[in-house]
Amino acid sequence: MSPETLRAWGPSRFMTSDQRPAAASLQLPPSKWSELNRGEVVWVHEDSWGFDAGLVDDVSPDHQFLWIEFAGRGRRLLCGGDPVQVWTRG
């Protein structure tokens with residue numbers, strides 16, 4: 001899925017876990033991030049921000065590092081110890 005497709009979804013930010021997107025049905029722990037593929041759609045949840053949709057850009061096969069491309073906001077590196085949750089389609 002391309003960044004243009006993510007933009008077509010409209011706002012990707014959801015304020016509470018009660019507003020989790022229906023497609024975000026499986027929380028993936030950092031130990032499983034290496035199973036993600038480039039271009040895969042994920043949702044990142046932070047308590048202070050809510051949910052935000054993004055595309056996997058790069059995955060470390062050996063460490064708990066994950067680069068996510070957020071439509072209109074650029075890339076962000078997530079580390080396994082960050083206070084975030086990564087959700088995927090179940």
# chains A, B, ... in the order shown; residues from 1 in each chain; ligands from 1
$ select_by_dssp --residues "chain A" --states "strand (DSSP E)" --output "mmCIF file with all heavy atoms, in the first residue's frame"
data_model
loop_
_atom_site.group_PDB
_atom_site.id
_atom_site.type_symbol
_atom_site.label_atom_id
_atom_site.label_comp_id
_atom_site.auth_asym_id
_atom_site.auth_seq_id
_atom_site.Cartn_x
_atom_site.Cartn_y
_atom_site.Cartn_z
ATOM 1 N N LEU A 26 -4.395 -6.834 15.766
ATOM 2 C CA LEU A 26 -3.386 -7.660 16.423
ATOM 3 C C LEU A 26 -2.240 -6.784 16.907
ATOM 4 O O LEU A 26 -1.557 -6.153 16.103
ATOM 5 C CB LEU A 26 -2.847 -8.712 15.453
ATOM 6 C CG LEU A 26 -1.727 -9.613 15.962
ATOM 7 C CD1 LEU A 26 -2.226 -10.495 17.105
ATOM 8 C CD2 LEU A 26 -1.190 -10.466 14.828
ATOM 9 N N GLN A 27 -2.038 -6.739 18.220
ATOM 10 C CA GLN A 27 -0.906 -5.997 18.769
ATOM 11 C C GLN A 27 0.342 -6.858 18.631
ATOM 12 O O GLN A 27 0.367 -8.009 19.049
ATOM 13 C CB GLN A 27 -1.129 -5.636 20.226
ATOM 14 C CG GLN A 27 -0.010 -4.799 20.782
ATOM 15 C CD GLN A 27 -0.215 -4.439 22.240
ATOM 16 O OE1 GLN A 27 -1.295 -4.593 22.792
ATOM 17 N NE2 GLN A 27 0.834 -3.965 22.872
ATOM 18 N N LEU A 28 1.375 -6.306 18.008
ATOM 19 C CA LEU A 28 2.600 -7.044 17.747
ATOM 20 C C LEU A 28 3.691 -6.586 18.716
ATOM 21 O O LEU A 28 4.099 -5.426 18.683
ATOM 22 C CB LEU A 28 3.032 -6.786 16.300
ATOM 23 C CG LEU A 28 3.991 -7.754 15.660
ATOM 24 C CD1 LEU A 28 3.369 -9.142 15.591
ATOM 25 C CD2 LEU A 28 4.338 -7.284 14.266
ATOM 26 N N VAL A 41 1.031 -2.205 6.138
ATOM 27 C CA VAL A 41 0.321 -1.193 6.913
ATOM 28 C C VAL A 41 0.327 -1.580 8.382
ATOM 29 O O VAL A 41 0.047 -2.732 8.729
ATOM 30 C CB VAL A 41 -1.142 -1.042 6.429
ATOM 31 C CG1 VAL A 41 -1.906 -0.066 7.307
ATOM 32 C CG2 VAL A 41 -1.177 -0.596 4.985
ATOM 33 N N VAL A 42 0.684 -0.626 9.238
ATOM 34 C CA VAL A 42 0.633 -0.820 10.687
ATOM 35 C C VAL A 42 0.004 0.408 11.320
ATOM 36 O O VAL A 42 -0.111 1.462 10.683
ATOM 37 C CB VAL A 42 2.040 -1.061 11.299
ATOM 38 C CG1 VAL A 42 2.633 -2.361 10.810
ATOM 39 C CG2 VAL A 42 2.962 0.107 11.041
ATOM 40 N N TRP A 43 -0.397 0.259 12.552
ATOM 41 C CA TRP A 43 -0.907 1.378 13.345
ATOM 42 C C TRP A 43 -0.036 1.472 14.580
ATOM 43 O O TRP A 43 0.220 0.466 15.245
ATOM 44 C CB TRP A 43 -2.365 1.156 13.726
ATOM 45 C CG TRP A 43 -3.263 1.216 12.545
ATOM 46 C CD1 TRP A 43 -3.957 2.298 12.079
ATOM 47 C CD2 TRP A 43 -3.573 0.149 11.644
ATOM 48 N NE1 TRP A 43 -4.660 1.971 10.958
ATOM 49 C CE2 TRP A 43 -4.432 0.648 10.656
ATOM 50 C CE3 TRP A 43 -3.178 -1.189 11.562
ATOM 51 C CZ2 TRP A 43 -4.925 -0.121 9.626
ATOM 52 C CZ3 TRP A 43 -3.664 -1.958 10.528
ATOM 53 C CH2 TRP A 43 -4.533 -1.423 9.584
ATOM 54 N N VAL A 44 0.406 2.660 14.882
ATOM 55 C CA VAL A 44 1.243 2.886 16.055
ATOM 56 C C VAL A 44 0.402 3.630 17.082
ATOM 57 O O VAL A 44 -0.243 4.633 16.758
ATOM 58 C CB VAL A 44 2.500 3.694 15.680
ATOM 59 C CG1 VAL A 44 3.329 4.003 16.916
ATOM 60 C CG2 VAL A 44 3.333 2.927 14.655
ATOM 61 N N HIS A 45 0.408 3.125 18.308
ATOM 62 C CA HIS A 45 -0.347 3.772 19.375
ATOM 63 C C HIS A 45 0.610 4.316 20.423
ATOM 64 O O HIS A 45 1.511 3.605 20.887
ATOM 65 C CB HIS A 45 -1.314 2.793 20.043
ATOM 66 C CG HIS A 45 -2.105 3.442 21.135
ATOM 67 N ND1 HIS A 45 -1.694 3.440 22.452
ATOM 68 C CD2 HIS A 45 -3.254 4.147 21.099
ATOM 69 C CE1 HIS A 45 -2.576 4.106 23.175
ATOM 70 N NE2 HIS A 45 -3.525 4.547 22.378
ATOM 71 N N GLU A 46 0.411 5.580 20.775
ATOM 72 C CA GLU A 46 1.119 6.218 21.887
ATOM 73 C C GLU A 46 0.059 6.831 22.781
ATOM 74 O O GLU A 46 -0.902 7.438 22.291
ATOM 75 C CB GLU A 46 2.034 7.321 21.387
ATOM 76 C CG GLU A 46 3.171 6.827 20.526
ATOM 77 C CD GLU A 46 4.035 7.970 20.055
ATOM 78 O OE1 GLU A 46 4.881 8.420 20.848
ATOM 79 O OE2 GLU A 46 3.847 8.415 18.919
ATOM 80 N N GLY A 50 -2.415 8.781 20.532
ATOM 81 C CA GLY A 50 -3.480 7.941 19.999
ATOM 82 C C GLY A 50 -2.926 7.033 18.916
ATOM 83 O O GLY A 50 -1.744 6.750 18.884
ATOM 84 N N PHE A 51 -3.777 6.584 18.010
ATOM 85 C CA PHE A 51 -3.375 5.707 16.916
ATOM 86 C C PHE A 51 -3.030 6.519 15.679
ATOM 87 O O PHE A 51 -3.676 7.529 15.390
ATOM 88 C CB PHE A 51 -4.517 4.742 16.552
ATOM 89 C CG PHE A 51 -4.641 3.584 17.489
ATOM 90 C CD1 PHE A 51 -5.458 3.661 18.600
ATOM 91 C CD2 PHE A 51 -3.931 2.414 17.276
ATOM 92 C CE1 PHE A 51 -5.585 2.598 19.471
ATOM 93 C CE2 PHE A 51 -4.037 1.344 18.141
ATOM 94 C CZ PHE A 51 -4.874 1.439 19.238
ATOM 95 N N ASP A 52 -2.029 6.061 14.944
ATOM 96 C CA ASP A 52 -1.653 6.689 13.689
ATOM 97 C C ASP A 52 -1.252 5.587 12.712
ATOM 98 O O ASP A 52 -0.506 4.674 13.076
ATOM 99 C CB ASP A 52 -0.482 7.651 13.906
ATOM 100 C CG ASP A 52 -0.425 8.756 12.881
ATOM 101 O OD1 ASP A 52 -1.232 8.736 11.928
ATOM 102 O OD2 ASP A 52 0.428 9.636 13.021
ATOM 103 N N ALA A 53 -1.768 5.654 11.490
ATOM 104 C CA ALA A 53 -1.466 4.651 10.475
ATOM 105 C C ALA A 53 -0.155 4.986 9.786
ATOM 106 O O ALA A 53 0.188 6.154 9.601
ATOM 107 C CB ALA A 53 -2.595 4.591 9.437
ATOM 108 N N GLY A 54 0.579 3.954 9.416
ATOM 109 C CA GLY A 54 1.835 4.140 8.706
ATOM 110 C C GLY A 54 2.194 2.901 7.914
ATOM 111 O O GLY A 54 1.526 1.868 8.005
ATOM 112 N N LEU A 55 3.259 3.036 7.132
ATOM 113 C CA LEU A 55 3.776 1.924 6.347
ATOM 114 C C LEU A 55 5.138 1.529 6.889
ATOM 115 O O LEU A 55 5.962 2.396 7.192
ATOM 116 C CB LEU A 55 3.938 2.322 4.876
ATOM 117 C CG LEU A 55 2.679 2.657 4.107
ATOM 118 C CD1 LEU A 55 3.032 3.170 2.720
ATOM 119 C CD2 LEU A 55 1.797 1.426 3.991
ATOM 120 N N VAL A 56 5.380 0.236 6.972
ATOM 121 C CA VAL A 56 6.700 -0.239 7.365
ATOM 122 C C VAL A 56 7.667 0.138 6.252
ATOM 123 O O VAL A 56 7.431 -0.149 5.078
ATOM 124 C CB VAL A 56 6.690 -1.773 7.579
ATOM 125 C CG1 VAL A 56 8.094 -2.288 7.838
ATOM 126 C CG2 VAL A 56 5.749 -2.141 8.709
ATOM 127 N N ASP A 57 8.749 0.820 6.622
ATOM 128 C CA ASP A 57 9.750 1.221 5.645
ATOM 129 C C ASP A 57 10.983 0.335 5.721
ATOM 130 O O ASP A 57 11.535 -0.047 4.713
ATOM 131 C CB ASP A 57 10.122 2.691 5.859
ATOM 132 C CG ASP A 57 11.025 3.219 4.776
ATOM 133 O OD1 ASP A 57 10.782 2.888 3.596
ATOM 134 O OD2 ASP A 57 11.968 3.955 5.093
ATOM 135 N N ASP A 58 11.415 -0.002 6.919
ATOM 136 C CA ASP A 58 12.593 -0.846 7.079
ATOM 137 C C ASP A 58 12.485 -1.576 8.416
ATOM 138 O O ASP A 58 11.983 -1.023 9.388
ATOM 139 C CB ASP A 58 13.858 0.008 7.047
ATOM 140 C CG ASP A 58 15.118 -0.807 6.783
ATOM 141 O OD1 ASP A 58 15.005 -2.003 6.471
ATOM 142 O OD2 ASP A 58 16.219 -0.243 6.909
ATOM 143 N N VAL A 59 12.967 -2.818 8.440
ATOM 144 C CA VAL A 59 12.893 -3.648 9.635
ATOM 145 C C VAL A 59 14.283 -4.205 9.919
ATOM 146 O O VAL A 59 14.950 -4.709 9.018
ATOM 147 C CB VAL A 59 11.912 -4.832 9.441
ATOM 148 C CG1 VAL A 59 11.867 -5.717 10.659
ATOM 149 C CG2 VAL A 59 10.538 -4.336 9.084
ATOM 150 N N PHE A 65 14.199 -2.812 16.058
ATOM 151 C CA PHE A 65 14.130 -1.497 15.417
ATOM 152 C C PHE A 65 13.198 -1.584 14.225
ATOM 153 O O PHE A 65 13.224 -2.558 13.477
ATOM 154 C CB PHE A 65 15.501 -1.027 14.927
ATOM 155 C CG PHE A 65 16.508 -0.807 16.014
ATOM 156 C CD1 PHE A 65 17.737 -1.427 15.970
ATOM 157 C CD2 PHE A 65 16.234 0.028 17.099
ATOM 158 C CE1 PHE A 65 18.684 -1.227 16.962
ATOM 159 C CE2 PHE A 65 17.171 0.234 18.101
ATOM 160 C CZ PHE A 65 18.395 -0.399 18.029
ATOM 161 N N LEU A 66 12.407 -0.543 14.050
ATOM 162 C CA LEU A 66 11.411 -0.524 12.989
ATOM 163 C C LEU A 66 11.256 0.909 12.491
ATOM 164 O O LEU A 66 10.977 1.806 13.278
ATOM 165 C CB LEU A 66 10.089 -1.041 13.563
ATOM 166 C CG LEU A 66 8.874 -1.175 12.692
ATOM 167 C CD1 LEU A 66 9.115 -2.196 11.586
ATOM 168 C CD2 LEU A 66 7.678 -1.603 13.530
ATOM 169 N N TRP A 67 11.476 1.132 11.193
ATOM 170 C CA TRP A 67 11.231 2.448 10.593
ATOM 171 C C TRP A 67 9.822 2.455 10.024
ATOM 172 O O TRP A 67 9.439 1.544 9.283
ATOM 173 C CB TRP A 67 12.214 2.732 9.457
ATOM 174 C CG TRP A 67 13.561 3.178 9.900
ATOM 175 C CD1 TRP A 67 14.687 2.415 10.010
ATOM 176 C CD2 TRP A 67 13.936 4.507 10.285
ATOM 177 N NE1 TRP A 67 15.729 3.185 10.447
ATOM 178 C CE2 TRP A 67 15.306 4.465 10.617
ATOM 179 C CE3 TRP A 67 13.243 5.717 10.382
ATOM 180 C CZ2 TRP A 67 15.998 5.595 11.037
ATOM 181 C CZ3 TRP A 67 13.944 6.842 10.797
ATOM 182 C CH2 TRP A 67 15.298 6.772 11.116
ATOM 183 N N ILE A 68 9.047 3.476 10.366
ATOM 184 C CA ILE A 68 7.675 3.629 9.881
ATOM 185 C C ILE A 68 7.584 4.932 9.096
ATOM 186 O O ILE A 68 8.092 5.966 9.531
ATOM 187 C CB ILE A 68 6.660 3.677 11.051
ATOM 188 C CG1 ILE A 68 6.767 2.428 11.926
ATOM 189 C CG2 ILE A 68 5.238 3.871 10.546
ATOM 190 C CD1 ILE A 68 6.343 1.155 11.243
ATOM 191 N N GLU A 69 6.913 4.892 7.950
ATOM 192 C CA GLU A 69 6.646 6.084 7.134
ATOM 193 C C GLU A 69 5.212 6.516 7.426
ATOM 194 O O GLU A 69 4.269 5.765 7.190
ATOM 195 C CB GLU A 69 6.811 5.761 5.659
ATOM 196 C CG GLU A 69 6.475 6.891 4.723
ATOM 197 C CD GLU A 69 7.530 7.987 4.728
ATOM 198 O OE1 GLU A 69 8.716 7.678 4.864
ATOM 199 O OE2 GLU A 69 7.118 9.155 4.578
ATOM 200 N N PHE A 70 5.075 7.712 7.986
ATOM 201 C CA PHE A 70 3.754 8.274 8.265
ATOM 202 C C PHE A 70 3.402 9.257 7.158
ATOM 203 O O PHE A 70 4.193 10.158 6.851
ATOM 204 C CB PHE A 70 3.731 8.983 9.626
ATOM 205 C CG PHE A 70 3.891 8.042 10.790
ATOM 206 C CD1 PHE A 70 5.100 7.923 11.446
ATOM 207 C CD2 PHE A 70 2.829 7.266 11.218
ATOM 208 C CE1 PHE A 70 5.252 7.050 12.507
ATOM 209 C CE2 PHE A 70 2.969 6.388 12.287
ATOM 210 C CZ PHE A 70 4.186 6.286 12.930
ATOM 211 N N GLY A 74 6.622 12.058 7.438
ATOM 212 C CA GLY A 74 7.963 11.500 7.326
ATOM 213 C C GLY A 74 8.143 10.190 8.066
ATOM 214 O O GLY A 74 7.193 9.566 8.517
ATOM 215 N N ARG A 75 9.423 9.796 8.159
ATOM 216 C CA ARG A 75 9.786 8.526 8.784
ATOM 217 C C ARG A 75 10.061 8.701 10.268
ATOM 218 O O ARG A 75 10.473 9.754 10.707
ATOM 219 C CB ARG A 75 11.062 7.982 8.141
ATOM 220 C CG ARG A 75 10.909 7.565 6.723
ATOM 221 C CD ARG A 75 12.255 7.213 6.117
ATOM 222 N NE ARG A 75 12.702 5.910 6.604
ATOM 223 C CZ ARG A 75 13.972 5.559 6.719
ATOM 224 N NH1 ARG A 75 14.926 6.383 6.404
ATOM 225 N NH2 ARG A 75 14.291 4.365 7.150
ATOM 226 N N ARG A 76 9.881 7.589 10.974
ATOM 227 C CA ARG A 76 10.191 7.580 12.404
ATOM 228 C C ARG A 76 10.774 6.224 12.762
ATOM 229 O O ARG A 76 10.260 5.187 12.341
ATOM 230 C CB ARG A 76 8.933 7.839 13.215
ATOM 231 C CG ARG A 76 9.197 7.807 14.707
ATOM 232 C CD ARG A 76 8.010 8.221 15.506
ATOM 233 N NE ARG A 76 8.269 7.956 16.920
ATOM 234 C CZ ARG A 76 7.329 7.862 17.827
ATOM 235 N NH1 ARG A 76 6.065 8.041 17.489
ATOM 236 N NH2 ARG A 76 7.626 7.616 19.067
ATOM 237 N N LEU A 77 11.832 6.248 13.563
ATOM 238 C CA LEU A 77 12.429 5.017 14.052
ATOM 239 C C LEU A 77 11.787 4.639 15.377
ATOM 240 O O LEU A 77 11.736 5.447 16.308
ATOM 241 C CB LEU A 77 13.940 5.206 14.254
ATOM 242 C CG LEU A 77 14.686 4.029 14.875
ATOM 243 C CD1 LEU A 77 14.614 2.794 13.978
ATOM 244 C CD2 LEU A 77 16.128 4.411 15.163
ATOM 245 N N LEU A 78 11.277 3.418 15.446
ATOM 246 C CA LEU A 78 10.734 2.884 16.693
ATOM 247 C C LEU A 78 11.723 1.866 17.241
ATOM 248 O O LEU A 78 12.277 1.059 16.491
ATOM 249 C CB LEU A 78 9.387 2.195 16.468
ATOM 250 C CG LEU A 78 8.266 3.021 15.853
ATOM 251 C CD1 LEU A 78 7.017 2.165 15.693
ATOM 252 C CD2 LEU A 78 7.982 4.249 16.676
ATOM 253 N N CYS A 79 11.942 1.899 18.524
ATOM 254 C CA CYS A 79 12.818 0.948 19.203
ATOM 255 C C CYS A 79 11.970 0.129 20.167
ATOM 256 O O CYS A 79 10.979 0.628 20.702
ATOM 257 C CB CYS A 79 13.907 1.688 19.965
ATOM 258 S SG CYS A 79 14.931 2.722 18.914
ATOM 259 N N GLN A 85 2.883 1.041 21.001
ATOM 260 C CA GLN A 85 2.360 -0.273 20.604
ATOM 261 C C GLN A 85 2.254 -0.270 19.084
ATOM 262 O O GLN A 85 1.863 0.736 18.488
ATOM 263 C CB GLN A 85 0.974 -0.503 21.185
ATOM 264 C CG GLN A 85 0.927 -0.534 22.686
ATOM 265 C CD GLN A 85 -0.504 -0.593 23.190
ATOM 266 O OE1 GLN A 85 -1.478 -0.578 22.440
ATOM 267 N NE2 GLN A 85 -0.647 -0.646 24.505
ATOM 268 N N VAL A 86 2.587 -1.383 18.471
ATOM 269 C CA VAL A 86 2.451 -1.554 17.022
ATOM 270 C C VAL A 86 1.354 -2.581 16.784
ATOM 271 O O VAL A 86 1.390 -3.672 17.341
ATOM 272 C CB VAL A 86 3.778 -1.991 16.371
ATOM 273 C CG1 VAL A 86 3.590 -2.283 14.893
ATOM 274 C CG2 VAL A 86 4.865 -0.929 16.570
ATOM 275 N N TRP A 87 0.383 -2.187 15.964
ATOM 276 C CA TRP A 87 -0.752 -3.050 15.654
ATOM 277 C C TRP A 87 -0.762 -3.370 14.169
ATOM 278 O O TRP A 87 -0.410 -2.528 13.342
ATOM 279 C CB TRP A 87 -2.065 -2.342 16.017
ATOM 280 C CG TRP A 87 -2.243 -2.163 17.486
ATOM 281 C CD1 TRP A 87 -1.618 -1.257 18.301
ATOM 282 C CD2 TRP A 87 -3.121 -2.900 18.332
ATOM 283 N NE1 TRP A 87 -2.053 -1.398 19.601
ATOM 284 C CE2 TRP A 87 -2.980 -2.383 19.653
ATOM 285 C CE3 TRP A 87 -4.030 -3.923 18.107
ATOM 286 C CZ2 TRP A 87 -3.699 -2.891 20.716
ATOM 287 C CZ3 TRP A 87 -4.743 -4.417 19.186
ATOM 288 C CH2 TRP A 87 -4.576 -3.901 20.465
ATOM 289 N N THR A 88 -1.199 -4.581 13.825
ATOM 290 C CA THR A 88 -1.309 -5.006 12.431
ATOM 291 C C THR A 88 -2.691 -5.628 12.212
ATOM 292 O O THR A 88 -3.486 -5.765 13.138
ATOM 293 C CB THR A 88 -0.238 -6.067 12.087
ATOM 294 O OG1 THR A 88 -0.478 -7.254 12.853
ATOM 295 C CG2 THR A 88 1.163 -5.536 12.339
#
$ select_by_dssp --residues "region 5-88 of chain A" --states "helix (DSSP H, G or I)" --output "ChimeraX atom specification"
/A:5-8,17-19,30-35
$ atom_distance --atom1 "CA of Asp47 (chain A)" --atom2 "CA of Val84 (chain A)"
7.7 Å
